[in-house]
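**Q** So here's entry.pdb, just PDB, C-alpha atoms:
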MODEL        1
ATOM      1  CA  MET A  14       5.587 -13.224  10.861
ATOM      2  CA  ARG A  15       6.990 -11.824   7.624
ATOM      3  CA  LEU A  16       4.793 -13.123   4.814
ATOM      4  CA  ILE A  17       5.352 -12.904   1.073
ATOM      5  CA  SER A  18       3.838 -14.242  -2.133
ATOM      6  CA  TYR A  19       6.074 -15.741  -4.808
ATOM      7  CA  PHE A  20       5.610 -17.250  -8.260
ATOM      8  CA  ASP A  21       6.153 -20.992  -8.493
ATOM      9  CA  ASP A  22       7.448 -22.784 -11.607
ATOM     10  CA  ASP A  23       4.092 -22.688 -13.391
ATOM     11  CA  GLY A  24       3.553 -18.982 -12.671
ATOM     12  CA  THR A  25       1.052 -19.452  -9.848
ATOM     13  CA  LEU A  26       1.286 -16.965  -6.985
ATOM     14  CA  ARG A  27       1.912 -18.867  -3.741
ATOM     15  CA  PRO A  28       2.067 -17.674  -0.106
ATOM     16  CA  GLY A  29       5.168 -18.146   2.004
ATOM     17  CA  LEU A  30       6.740 -17.279   5.341
ATOM     18  CA  VAL A  31      10.208 -15.709   5.402
ATOM     19  CA  ARG A  32      12.664 -17.167   7.915
ATOM     20  CA  GLU A  33      16.022 -15.412   7.592
ATOM     21  CA  SER A  34      17.325 -16.325   4.103
ATOM     22  CA  LEU A  35      14.760 -19.061   3.475
ATOM     23  CA  VAL A  36      11.047 -19.185   2.693
ATOM     24  CA  ALA A  37       8.658 -21.766   4.105
ATOM     25  CA  PRO A  38       5.831 -22.596   1.659
ATOM     26  CA  ILE A  39       2.318 -22.200   3.053
ATOM     27  CA  ASP A  40      -0.293 -24.844   2.261
ATOM     28  CA  ALA A  41      -3.034 -22.535   1.014
ATOM     29  CA  PRO A  42      -4.159 -21.549  -2.501
ATOM     30  CA  ASP A  43      -3.145 -17.925  -1.946
ATOM     31  CA  MET A  44      -2.442 -15.405   0.792
ATOM     32  CA  ARG A  45      -6.070 -14.400   1.124
ATOM     33  CA  SER A  46      -7.047 -18.009   1.827
ATOM     34  CA  PHE A  47      -4.366 -18.152   4.516
ATOM     35  CA  ILE A  48      -5.653 -14.930   6.087
ATOM     36  CA  GLU A  49      -9.184 -16.358   6.145
ATOM     37  CA  LEU A  50      -8.087 -19.315   8.295
ATOM     38  CA  PRO A  51      -8.771 -19.113  12.036
ATOM     39  CA  PRO A  52      -5.585 -17.817  13.698
ATOM     40  CA  GLU A  53      -5.106 -21.043  15.645
ATOM     41  CA  ARG A  54      -4.995 -23.057  12.386
ATOM     42  CA  ARG A  55      -2.486 -20.944  10.468
ATOM     43  CA  ASN A  56       0.688 -22.434  11.947
ATOM     44  CA  GLU A  57      -0.243 -25.953  10.877
ATOM     45  CA  ARG A  58      -0.266 -24.777   7.232
ATOM     46  CA  ILE A  59       3.322 -23.510   7.302
ATOM     47  CA  GLY A  60       5.874 -25.972   5.902
ATOM     48  CA  ALA A  61       9.597 -26.306   6.384
ATOM     49  CA  PRO A  62      11.783 -23.389   5.235
ATOM     50  CA  THR A  63      13.335 -24.927   2.110
ATOM     51  CA  LEU A  64      13.211 -22.220  -0.573
ATOM     52  CA  ASP A  65      16.024 -19.740  -1.191
ATOM     53  CA  ALA A  66      14.443 -16.329  -0.573
ATOM     54  CA  ALA A  67      16.913 -14.572  -2.886
ATOM     55  CA  ALA A  68      16.098 -16.882  -5.807
ATOM     56  CA  LEU A  69      12.330 -16.319  -5.786
ATOM     57  CA  VAL A  70      10.329 -13.909  -7.935
ATOM     58  CA  TYR A  71       7.895 -12.056  -5.692
ATOM     59  CA  GLY A  72       4.386 -10.868  -6.452
ATOM     60  CA  PRO A  73       2.090  -8.624  -4.424
ATOM     61  CA  PRO A  74       1.971 -10.119  -0.913
ATOM     62  CA  VAL A  75      -1.832 -10.207  -1.122
ATOM     63  CA  VAL A  76      -4.315  -9.656  -3.927
ATOM     64  CA  PRO A  77      -7.293  -8.015  -2.231
ATOM     65  CA  PRO A  78     -10.814  -9.346  -2.825
ATOM     66  CA  ARG A  79     -11.961  -5.982  -4.229
ATOM     67  CA  ASN A  80     -10.727  -2.458  -4.841
ATOM     68  CA  VAL A  81      -7.972  -1.123  -2.587
ATOM     69  CA  PHE A  82      -9.403   1.374  -0.091
ATOM     70  CA  CYS A  83      -7.399   4.588   0.190
ATOM     71  CA  VAL A  84      -7.412   7.640   2.441
ATOM     72  CA  GLY A  85      -6.725  11.044   0.909
ATOM     73  CA  ARG A  86      -5.113  14.045   2.622
ATOM     74  CA  ASN A  87      -4.255  12.205   5.825
ATOM     75  CA  TYR A  88      -1.023  14.041   6.684
ATOM     76  CA  LEU A  89      -1.344  17.729   7.529
ATOM     77  CA  GLU A  90       1.749  18.853   5.604
ATOM     78  CA  HIS A  91       0.563  16.985   2.497
ATOM     79  CA  ALA A  92      -2.886  18.570   2.757
ATOM     80  CA  MET A  93      -1.196  21.969   3.067
ATOM     81  CA  GLU A  94       1.087  21.467   0.057
ATOM     82  CA  GLY A  95      -1.859  20.283  -2.045
ATOM     83  CA  ALA A  96      -3.891  23.356  -1.137
ATOM     84  CA  ARG A  97      -0.957  25.628  -1.985
ATOM     85  CA  ALA A  98      -0.410  23.953  -5.355
ATOM     86  CA  ALA A  99      -4.118  24.293  -6.201
ATOM     87  CA  GLY A 100      -4.257  27.902  -4.995
ATOM     88  CA  ARG A 101      -7.032  27.270  -2.508
ATOM     89  CA  ASP A 102      -7.512  27.627   1.229
ATOM     90  CA  LEU A 103      -6.891  24.556   3.358
ATOM     91  CA  LYS A 104     -10.035  22.981   4.791
ATOM     92  CA  LEU A 105      -9.495  19.728   6.625
ATOM     93  CA  PRO A 106     -12.285  17.116   6.540
ATOM     94  CA  ASP A 107     -14.102  16.028   9.692
ATOM     95  CA  VAL A 108     -13.948  12.386   8.575
ATOM     96  CA  PRO A 109     -11.444  10.469   6.429
ATOM     97  CA  THR A 110     -11.702  11.038   2.669
ATOM     98  CA  PHE A 111     -12.049   7.586   1.091
ATOM     99  CA  PHE A 112     -11.467   6.617  -2.535
ATOM    100  CA  THR A 113     -10.467   3.350  -4.225
ATOM    101  CA  LYS A 114      -7.936   1.898  -6.628
ATOM    102  CA  ALA A 115      -9.026  -0.996  -8.858
ATOM    103  CA  THR A 116      -7.567  -4.454  -8.194
ATOM    104  CA  THR A 117      -6.043  -4.397 -11.711
ATOM    105  CA  ALA A 118      -3.762  -1.631 -10.401
ATOM    106  CA  VAL A 119      -2.058  -3.997  -7.928
ATOM    107  CA  LEU A 120       1.594  -4.751  -8.727
ATOM    108  CA  GLY A 121       4.276  -6.659  -6.847
ATOM    109  CA  PRO A 122       7.677  -5.527  -5.558
ATOM    110  CA  ASP A 123      10.692  -5.050  -7.851
ATOM    111  CA  ALA A 124       8.355  -4.869 -10.834
ATOM    112  CA  VAL A 125       8.020  -2.475 -13.770
ATOM    113  CA  ALA A 126       5.001  -0.155 -13.921
ATOM    114  CA  HIS A 127       4.141   0.467 -17.579
ATOM    115  CA  PHE A 128       2.459   3.807 -18.303
ATOM    116  CA  ASP A 129       1.342   5.505 -21.512
ATOM    117  CA  ALA A 130       2.400   9.121 -22.053
ATOM    118  CA  SER A 131      -0.610   9.679 -24.322
ATOM    119  CA  ILE A 132      -2.935   8.973 -21.367
ATOM    120  CA  SER A 133      -1.183  11.198 -18.832
ATOM    121  CA  ARG A 134       1.785  13.574 -18.692
ATOM    122  CA  GLU A 135       1.668  13.876 -14.909
ATOM    123  CA  TYR A 136       2.444  10.545 -13.271
ATOM    124  CA  ASP A 137       3.260  11.017  -9.582
ATOM    125  CA  TYR A 138       4.328   8.964  -6.539
ATOM    126  CA  GLU A 139       2.895   8.591  -3.008
ATOM    127  CA  ALA A 140       4.540   6.525  -0.254
ATOM    128  CA  GLU A 141       1.940   4.966   2.051
ATOM    129  CA  LEU A 142       1.574   2.468   4.886
ATOM    130  CA  ALA A 143      -1.060  -0.102   3.954
ATOM    131  CA  VAL A 144      -3.171  -2.141   6.371
ATOM    132  CA  VAL A 145      -4.325  -5.689   5.560
ATOM    133  CA  ILE A 146      -7.618  -6.654   7.210
ATOM    134  CA  GLY A 147      -7.706 -10.079   8.861
ATOM    135  CA  MET A 148     -11.394 -10.820   9.485
ATOM    136  CA  HIS A 149     -14.968 -10.211   8.435
ATOM    137  CA  CYS A 150     -16.006  -7.185  10.463
ATOM    138  CA  ARG A 151     -18.504  -4.346  10.468
ATOM    139  CA  ASP A 152     -19.203  -1.383  12.761
ATOM    140  CA  VAL A 153     -15.821  -1.846  14.412
ATOM    141  CA  ASP A 154     -15.348   0.162  17.590
ATOM    142  CA  GLU A 155     -12.302   2.417  17.353
ATOM    143  CA  SER A 156     -10.985   1.090  20.661
ATOM    144  CA  ARG A 157     -10.814  -2.443  19.209
ATOM    145  CA  ALA A 158     -10.013  -1.662  15.587
ATOM    146  CA  LEU A 159      -6.414  -2.900  15.747
ATOM    147  CA  GLU A 160      -7.782  -6.399  16.455
ATOM    148  CA  ALA A 161      -9.148  -6.489  12.897
ATOM    149  CA  ILE A 162      -5.682  -6.135  11.343
ATOM    150  CA  PHE A 163      -3.784  -9.101   9.908
ATOM    151  CA  GLY A 164      -0.696  -7.095   9.018
ATOM    152  CA  TYR A 165       0.972  -4.143   7.340
ATOM    153  CA  THR A 166       2.791  -3.566   4.048
ATOM    154  CA  CYS A 167       4.133  -0.755   1.855
ATOM    155  CA  CYS A 168       2.081   0.879  -0.881
ATOM    156  CA  ASN A 169       2.939   3.314  -3.670
ATOM    157  CA  ASP A 170      -0.233   5.166  -4.680
ATOM    158  CA  LEU A 171       0.892   6.058  -8.199
ATOM    159  CA  THR A 172      -1.385   8.762  -9.597
ATOM    160  CA  ALA A 173      -2.086  10.429 -12.941
ATOM    161  CA  ARG A 174      -2.585  13.970 -11.616
ATOM    162  CA  ASP A 175      -4.126  15.421 -14.788
ATOM    163  CA  LEU A 176      -6.708  12.621 -14.887
ATOM    164  CA  GLN A 177      -7.368  13.091 -11.179
ATOM    165  CA  ARG A 178      -8.203  16.770 -11.808
ATOM    166  CA  ALA A 179     -10.142  16.191 -15.018
ATOM    167  CA  HIS A 180     -12.454  13.532 -13.598
ATOM    168  CA  VAL A 181     -12.878  15.311 -10.210
ATOM    169  CA  GLN A 182     -13.709  11.999  -8.528
ATOM    170  CA  TRP A 183     -10.295  10.426  -7.956
ATOM    171  CA  MET A 184     -10.816   6.807  -8.989
ATOM    172  CA  LYS A 185      -9.821   7.133 -12.664
ATOM    173  CA  GLY A 186      -6.580   9.005 -11.982
ATOM    174  CA  LYS A 187      -5.718   6.509  -9.241
ATOM    175  CA  SER A 188      -6.706   3.233 -10.928
ATOM    176  CA  LEU A 189      -4.595   2.888 -14.048
ATOM    177  CA  ASP A 190      -3.130  -0.583 -14.507
ATOM    178  CA  GLU A 191       0.005  -1.229 -12.433
ATOM    179  CA  SER A 192      -0.478   1.950 -10.389
ATOM    180  CA  CYS A 193      -0.659   0.253  -6.966
ATOM    181  CA  PRO A 194       2.615  -1.498  -6.085
ATOM    182  CA  LEU A 195       2.377  -3.432  -2.798
ATOM    183  CA  GLY A 196       5.070  -5.209  -0.806
ATOM    184  CA  PRO A 197       7.642  -6.455  -0.333
ATOM    185  CA  ALA A 198       6.030  -8.368   2.536
ATOM    186  CA  ILE A 199       3.213  -8.317   5.069
ATOM    187  CA  LEU A 200       4.396  -7.963   8.639
ATOM    188  CA  THR A 201       2.010  -9.136  11.341
ATOM    189  CA  PRO A 202       1.226  -6.719  14.194
ATOM    190  CA  ASP A 203       3.585  -8.414  16.653
ATOM    191  CA  GLU A 204       6.467  -7.562  14.287
ATOM    192  CA  ILE A 205       5.383  -3.938  13.816
ATOM    193  CA  GLY A 206       4.723  -2.703  17.343
ATOM    194  CA  ASP A 207       3.077   0.720  17.277
ATOM    195  CA  PRO A 208       1.898   1.382  13.688
ATOM    196  CA  GLN A 209       1.654   5.094  14.500
ATOM    197  CA  ALA A 210       5.391   5.361  15.138
ATOM    198  CA  LEU A 211       6.940   4.201  11.868
ATOM    199  CA  ASP A 212       9.422   6.106   9.721
ATOM    200  CA  ILE A 213       8.147   6.427   6.121
ATOM    201  CA  ALA A 214      10.038   7.732   3.095
ATOM    202  CA  MET A 215      10.034   7.863  -0.704
ATOM    203  CA  TYR A 216      13.146   7.890  -2.874
ATOM    204  CA  VAL A 217      13.246   8.627  -6.608
ATOM    205  CA  ASN A 218      16.502   7.507  -8.233
ATOM    206  CA  ASP A 219      18.028   7.310  -4.724
ATOM    207  CA  VAL A 220      17.082  10.936  -3.938
ATOM    208  CA  GLU A 221      14.833  11.421  -0.903
ATOM    209  CA  LYS A 222      11.526  13.072  -1.849
ATOM    210  CA  GLN A 223       9.281  12.249   1.123
ATOM    211  CA  HIS A 224      10.250  11.601   4.739
ATOM    212  CA  SER A 225       7.878  11.593   7.678
ATOM    213  CA  SER A 226       6.381   9.456  10.426
ATOM    214  CA  THR A 227       3.051   7.674  10.623
ATOM    215  CA  ALA A 228       2.638   9.566  13.918
ATOM    216  CA  LYS A 229       1.709  12.572  11.766
ATOM    217  CA  MET A 230      -1.485  11.062  10.359
ATOM    218  CA  ILE A 231      -4.551  13.262  10.808
ATOM    219  CA  PHE A 232      -6.815  10.210  11.228
ATOM    220  CA  SER A 233      -5.240   7.289  13.068
ATOM    221  CA  ILE A 234      -5.436   3.729  11.775
ATOM    222  CA  PRO A 235      -8.097   2.728  14.359
ATOM    223  CA  ARG A 236     -10.179   5.778  13.372
ATOM    224  CA  ILE A 237      -9.857   4.894   9.674
ATOM    225  CA  ILE A 238     -11.033   1.309  10.257
ATOM    226  CA  ALA A 239     -13.888   2.426  12.509
ATOM    227  CA  GLU A 240     -15.135   4.989   9.967
ATOM    228  CA  LEU A 241     -14.759   2.712   6.940
ATOM    229  CA  SER A 242     -16.531  -0.211   8.624
ATOM    230  CA  ARG A 243     -19.578   1.805   9.715
ATOM    231  CA  GLY A 244     -22.450   0.042   7.944
ATOM    232  CA  MET A 245     -19.998  -1.675   5.576
ATOM    233  CA  THR A 246     -18.458  -5.109   5.993
ATOM    234  CA  LEU A 247     -14.696  -5.396   5.668
ATOM    235  CA  LEU A 248     -13.316  -8.670   4.316
ATOM    236  CA  PRO A 249     -10.181 -10.703   5.059
ATOM    237  CA  GLY A 250      -7.498  -9.527   2.657
ATOM    238  CA  ASP A 251      -8.941  -6.049   2.192
ATOM    239  CA  VAL A 252      -6.157  -3.477   1.825
ATOM    240  CA  ILE A 253      -6.406   0.074   3.168
ATOM    241  CA  ALA A 254      -3.758   2.617   2.117
ATOM    242  CA  THR A 255      -3.570   5.181   4.907
ATOM    243  CA  GLY A 256      -2.389   8.329   3.107
ATOM    244  CA  THR A 257       0.880   9.948   2.080
ATOM    245  CA  PRO A 258       3.096  12.600   3.682
ATOM    246  CA  GLU A 259       4.341  15.808   2.071
ATOM    247  CA  GLY A 260       6.836  15.901  -0.794
ATOM    248  CA  VAL A 261       4.810  14.566  -3.736
ATOM    249  CA  GLY A 262       5.803  15.633  -7.232
ATOM    250  CA  PHE A 263       2.864  17.811  -8.263
ATOM    251  CA  ALA A 264       3.272  20.101  -5.222
ATOM    252  CA  ARG A 265       6.982  20.807  -5.820
ATOM    253  CA  THR A 266       8.290  24.023  -7.395
ATOM    254  CA  PRO A 267       8.535  23.372 -10.258
ATOM    255  CA  PRO A 268       6.402  20.186 -10.329
ATOM    256  CA  GLU A 269       8.351  16.942 -10.719
ATOM    257  CA  PHE A 270       6.543  14.176 -12.601
ATOM    258  CA  LEU A 271       7.848  10.695 -13.297
ATOM    259  CA  ARG A 272       9.998   9.921 -16.313
ATOM    260  CA  ASP A 273      10.849   6.761 -18.201
ATOM    261  CA  GLY A 274      13.372   4.692 -16.275
ATOM    262  CA  ASP A 275      12.795   6.292 -12.867
ATOM    263  CA  LEU A 276      13.361   3.979  -9.908
ATOM    264  CA  LEU A 277      10.947   4.548  -7.024
ATOM    265  CA  GLU A 278      11.504   3.191  -3.542
ATOM    266  CA  VAL A 279       9.054   3.317  -0.650
ATOM    267  CA  ARG A 280      10.831   2.665   2.640
ATOM    268  CA  ILE A 281       8.876   1.970   5.810
ATOM    269  CA  GLU A 282      10.533   1.109   9.073
ATOM    270  CA  ARG A 283      10.545  -2.633   9.862
ATOM    271  CA  ILE A 284       8.637  -3.556   6.678
ATOM    272  CA  GLY A 285      11.434  -2.790   4.238
ATOM    273  CA  SER A 286      11.733  -1.376   0.738
ATOM    274  CA  LEU A 287       9.172  -1.472  -2.082
ATOM    275  CA  ARG A 288      10.932  -0.768  -5.406
ATOM    276  CA  THR A 289       9.227   0.015  -8.718
ATOM    277  CA  ARG A 290      10.749   0.892 -12.087
ATOM    278  CA  ILE A 291       8.775   3.250 -14.345
ATOM    279  CA  ALA A 292       8.426   2.442 -18.064
ATOM    280  CA  LEU A 293       6.820   5.425 -19.791
ATOM    281  CA  THR A 294       6.131   5.098 -23.516
TER     282      THR A 294
ENDMDL
END
If you took the structure in this file and wrote it as structure tokens, what would it be?
**A**
Amino acid sequence: MRLISYFDDDGTLRPGLVRESLVAPIDAPDMRSFIELPPERRNERIGAPTLDAAALVYGPPVVPPRNVFCVGRNYLEHAMEGARAAGRDLKLPDVPTFFTKATTAVLGPDAVAHFDASISREYDYEAELAVVIGMHCRDVDESRALEAIFGYTCCNDLTARDLQRAHVQWMKGKSLDESCPLGPAILTPDEIGDPQALDIAMYVNDVEKQHSSTAKMIFSIPRIIAELSRGMTLLPGDVIATGTPEGVGFARTPPEFLRDGDLLEVRIERIGSLRTRIALT
């Protein structure tokens, strides 16, 4: 299934299922409510495909129940470029490095991210594959971790690098409003195939800046879920961003930070394109 969320006439975000050029409305208050349904009851909530997909205004495909979970330094080349830029030796962690982005950072596809130049001068991009959890689960065994996944979507982990450095702990630099675009859709696992074999790229103003494969993750998706769920319950609708490959702006020579009017595009194989326009004032 390819699932989206769209705004209806009164501005309410509604879930839907994409079928070619049409969208079938889903009888549920929101996407998270649909995810919470037992799998065998989901199909009965899907209506007839009557809405023109091209005419709809899309929002984030899911609004998670709490902060977005993120994994830092999960591609070797990105970890290496970060160490070089900081002038330090590379030391890889033994376990995934987790941090979070606030839910107020979540933004939909084809939206404008508004940032304030007086807060940061170093806004940066990060293309990431995001996992949407499909069940209440805790202490998930790595061998069965993929069973906990409802689907996959694109994420852009927009980051204020100077705030990230100043606060040491990453949450502030990662959690500014509108700094977590998600979308354009959630693809269920049967549509994705092997999530560790997806092409992932970032384009800025149609120029390729990142290009890699999810096969190059240091910690696999099952390992991430197993580690995160140890002693901690994951909830339906939780979103986990799985890290970014090399090519981010701060590690370039010279550094390349975002400017007013920039068009960002995360492209992930099968899922599609997540576009965001930057408004920097």
**Q** When the PyMOL selection byres ((chain A and resi 240) around 9) is applied to the structure above, which residues does it catch, written out as a list in words?
**A**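 Checking the PyMOL selection byres ((chain A and resi 240) around 9) against this file, the residues are Val108, Pro109, Asp152, Val153, Glu155, Pro235, Arg236, Ile237, Ile238, Ala239, Leu241, Ser242 and Arg243 of chain A.
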**Q** Give me, as an MDAnalysis selection string, all polymer residues having an atom no more than 9 Å from Asp190 (chain A), counting only C-alpha atoms and skipping those fewer than 6 positions away in the same chain.
**A** chainID A and resid 115:120 126:128
**Q** State, in Å with one decimal place, the distance from CA of Ala68 (chain A) to CA of Tyr19 (chain A).
**A**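 Result for CA of Ala68 (chain A) versus CA of Tyr19 (chain A): 10.1 Å, one decimal.
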**Q** Would you tabulate, counting all atoms listed in the file, all residues of region 170-209 of chain A that have an atom at most 10 Å from an atom of region 218-230 of chain A, showing the closest pair of atoms and their distance in Å to one decimal, sorted by chain then ascending number, as a tab-separated table?
**A**
residue	atom	partner	partner_atom	distance
A:Asp207	CA	A:Ala228	CA	9.5
A:Pro208	CA	A:Thr227	CA	7.1
A:Gln209	CA	A:Ala228	CA	4.6
**Q** Based on the selection just made, write C-alpha atoms of those residues as a short mmCIF file (atom, residue, chain, number, x, y, z; two decimals), in the frame of the given file.
**A**
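Printed below is part.cif as written:
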data_model
loop_
_atom_site.label_atom_id
_atom_site.label_comp_id
_atom_site.auth_asym_id
_atom_site.auth_seq_id
_atom_site.Cartn_x
_atom_site.Cartn_y
_atom_site.Cartn_z
CA ASP A 207 3.08 0.72 17.28
CA PRO A 208 1.90 1.38 13.69
CA GLN A 209 1.65 5.09 14.50
#
**Q** Report the residues retrieved by the PyMOL selection byres ((chain A and resi 147) around 10) from the displayed file, expressed as a PDB file with C-alpha atoms, in the coordinates of the input.
**A**
ATOM      1  CA  ARG A  45      -6.070 -14.400   1.124  1.00  0.00           C
ATOM      2  CA  PHE A  47      -4.366 -18.152   4.516  1.00  0.00           C
ATOM      3  CA  ILE A  48      -5.653 -14.930   6.087  1.00  0.00           C
ATOM      4  CA  GLU A  49      -9.184 -16.358   6.145  1.00  0.00           C
ATOM      5  CA  LEU A  50      -8.087 -19.315   8.295  1.00  0.00           C
ATOM      6  CA  PRO A  51      -8.771 -19.113  12.036  1.00  0.00           C
ATOM      7  CA  PRO A  52      -5.585 -17.817  13.698  1.00  0.00           C
ATOM      8  CA  VAL A 144      -3.171  -2.141   6.371  1.00  0.00           C
ATOM      9  CA  VAL A 145      -4.325  -5.689   5.560  1.00  0.00           C
ATOM     10  CA  ILE A 146      -7.618  -6.654   7.210  1.00  0.00           C
ATOM     11  CA  MET A 148     -11.394 -10.820   9.485  1.00  0.00           C
ATOM     12  CA  HIS A 149     -14.968 -10.211   8.435  1.00  0.00           C
ATOM     13  CA  CYS A 150     -16.006  -7.185  10.463  1.00  0.00           C
ATOM     14  CA  GLU A 160      -7.782  -6.399  16.455  1.00  0.00           C
ATOM     15  CA  ALA A 161      -9.148  -6.489  12.897  1.00  0.00           C
ATOM     16  CA  ILE A 162      -5.682  -6.135  11.343  1.00  0.00           C
ATOM     17  CA  PHE A 163      -3.784  -9.101   9.908  1.00  0.00           C
ATOM     18  CA  GLY A 164      -0.696  -7.095   9.018  1.00  0.00           C
ATOM     19  CA  LEU A 247     -14.696  -5.396   5.668  1.00  0.00           C
ATOM     20  CA  LEU A 248     -13.316  -8.670   4.316  1.00  0.00           C
ATOM     21  CA  PRO A 249     -10.181 -10.703   5.059  1.00  0.00           C
ATOM     22  CA  GLY A 250      -7.498  -9.527   2.657  1.00  0.00           C
ATOM     23  CA  ASP A 251      -8.941  -6.049   2.192  1.00  0.00           C
ATOM     24  CA  VAL A 252      -6.157  -3.477   1.825  1.00  0.00           C
TER      25      VAL A 252
END
**Q** Hey, what comes out of the PyMOL selection byres ((chain A and resi 283) around 9) on this file? Could you write it as a compact mmCIF listing (two decimals) with C-alpha atoms, in the coordinates of the input?
**A**
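So selection32.txt came out as:
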# COMPACT_ATOMS: atom_id res chain seq x y z
CA LEU A 200 4.40 -7.96 8.64
CA GLU A 204 6.47 -7.56 14.29
CA ILE A 205 5.38 -3.94 13.82
CA LEU A 211 6.94 4.20 11.87
CA ASP A 212 9.42 6.11 9.72
CA ARG A 280 10.83 2.66 2.64
CA ILE A 281 8.88 1.97 5.81
CA GLU A 282 10.53 1.11 9.07
CA ILE A 284 8.64 -3.56 6.68
CA GLY A 285 11.43 -2.79 4.24
**Q** Can you tell me which residues surround Asp43 (chain A) at a distance of at most 9 Å, considering all atoms listed in the file, apart from same-chain residues fewer than 6 positions away, and format the answer as number ranges by chain?
**A** A: 18, 26-28, 75-76
**Q** Return the single residue from A:Leu176, A:Ala92, A:Phe263, A:Pro78 that is closest to Ile132 (chain A), with distances computed using all atoms listed in the file.
**A**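 Among the listed residues, A:Leu176 lies closest to Ile132 (chain A).
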**Q** Find the residue from A:Ala130, A:Glu278, A:Cys193, A:Ala264 that sits nearest to Gly100 (chain A); use all atoms listed in the file when measuring.
**A** A:Ala264
**Q** With the input short on atoms, add N, CA and C atoms back to region 191-208 of chain A and write it as a compact mmCIF listing (two decimals), in the frame of the given file.
**A**
# COMPACT_ATOMS: atom_id res chain seq x y z
N GLU A 191 -1.34 -1.20 -13.02
CA GLU A 191 0.00 -1.23 -12.43
C GLU A 191 0.33 0.01 -11.60
N SER A 192 -0.70 0.72 -11.15
CA SER A 192 -0.48 1.95 -10.39
C SER A 192 -0.59 1.76 -8.88
N CYS A 193 -0.58 0.49 -8.41
CA CYS A 193 -0.66 0.25 -6.97
C CYS A 193 0.34 -0.83 -6.54
N PRO A 194 1.64 -0.54 -6.61
CA PRO A 194 2.62 -1.50 -6.08
C PRO A 194 2.40 -1.74 -4.59
N LEU A 195 2.48 -3.02 -4.19
CA LEU A 195 2.38 -3.43 -2.80
C LEU A 195 3.54 -4.36 -2.47
N GLY A 196 4.02 -4.28 -1.22
CA GLY A 196 5.07 -5.21 -0.81
C GLY A 196 6.15 -4.52 0.01
N PRO A 197 7.28 -5.14 0.19
CA PRO A 197 7.64 -6.46 -0.33
C PRO A 197 7.03 -7.61 0.45
N ALA A 198 6.55 -7.32 1.66
CA ALA A 198 6.03 -8.37 2.54
C ALA A 198 4.92 -7.79 3.41
N ILE A 199 4.16 -8.69 4.01
CA ILE A 199 3.21 -8.32 5.07
C ILE A 199 3.86 -8.67 6.40
N LEU A 200 3.94 -7.70 7.29
CA LEU A 200 4.40 -7.96 8.64
C LEU A 200 3.19 -8.00 9.57
N THR A 201 3.12 -9.03 10.39
CA THR A 201 2.01 -9.14 11.34
C THR A 201 2.21 -8.13 12.48
N PRO A 202 1.14 -7.78 13.18
CA PRO A 202 1.23 -6.72 14.19
C PRO A 202 2.29 -6.92 15.26
N ASP A 203 2.57 -8.17 15.63
CA ASP A 203 3.58 -8.41 16.65
C ASP A 203 4.98 -8.02 16.18
N GLU A 204 5.18 -7.96 14.85
CA GLU A 204 6.47 -7.56 14.29
C GLU A 204 6.56 -6.04 14.13
N ILE A 205 5.42 -5.38 14.10
CA ILE A 205 5.38 -3.94 13.82
C ILE A 205 5.48 -3.10 15.09
N GLY A 206 4.82 -3.54 16.15
CA GLY A 206 4.72 -2.70 17.34
C GLY A 206 3.67 -1.63 17.12
N ASP A 207 4.02 -0.39 17.42
CA ASP A 207 3.08 0.72 17.28
C ASP A 207 3.05 1.18 15.82
N PRO A 208 1.94 0.98 15.10
CA PRO A 208 1.90 1.38 13.69
C PRO A 208 1.87 2.89 13.50
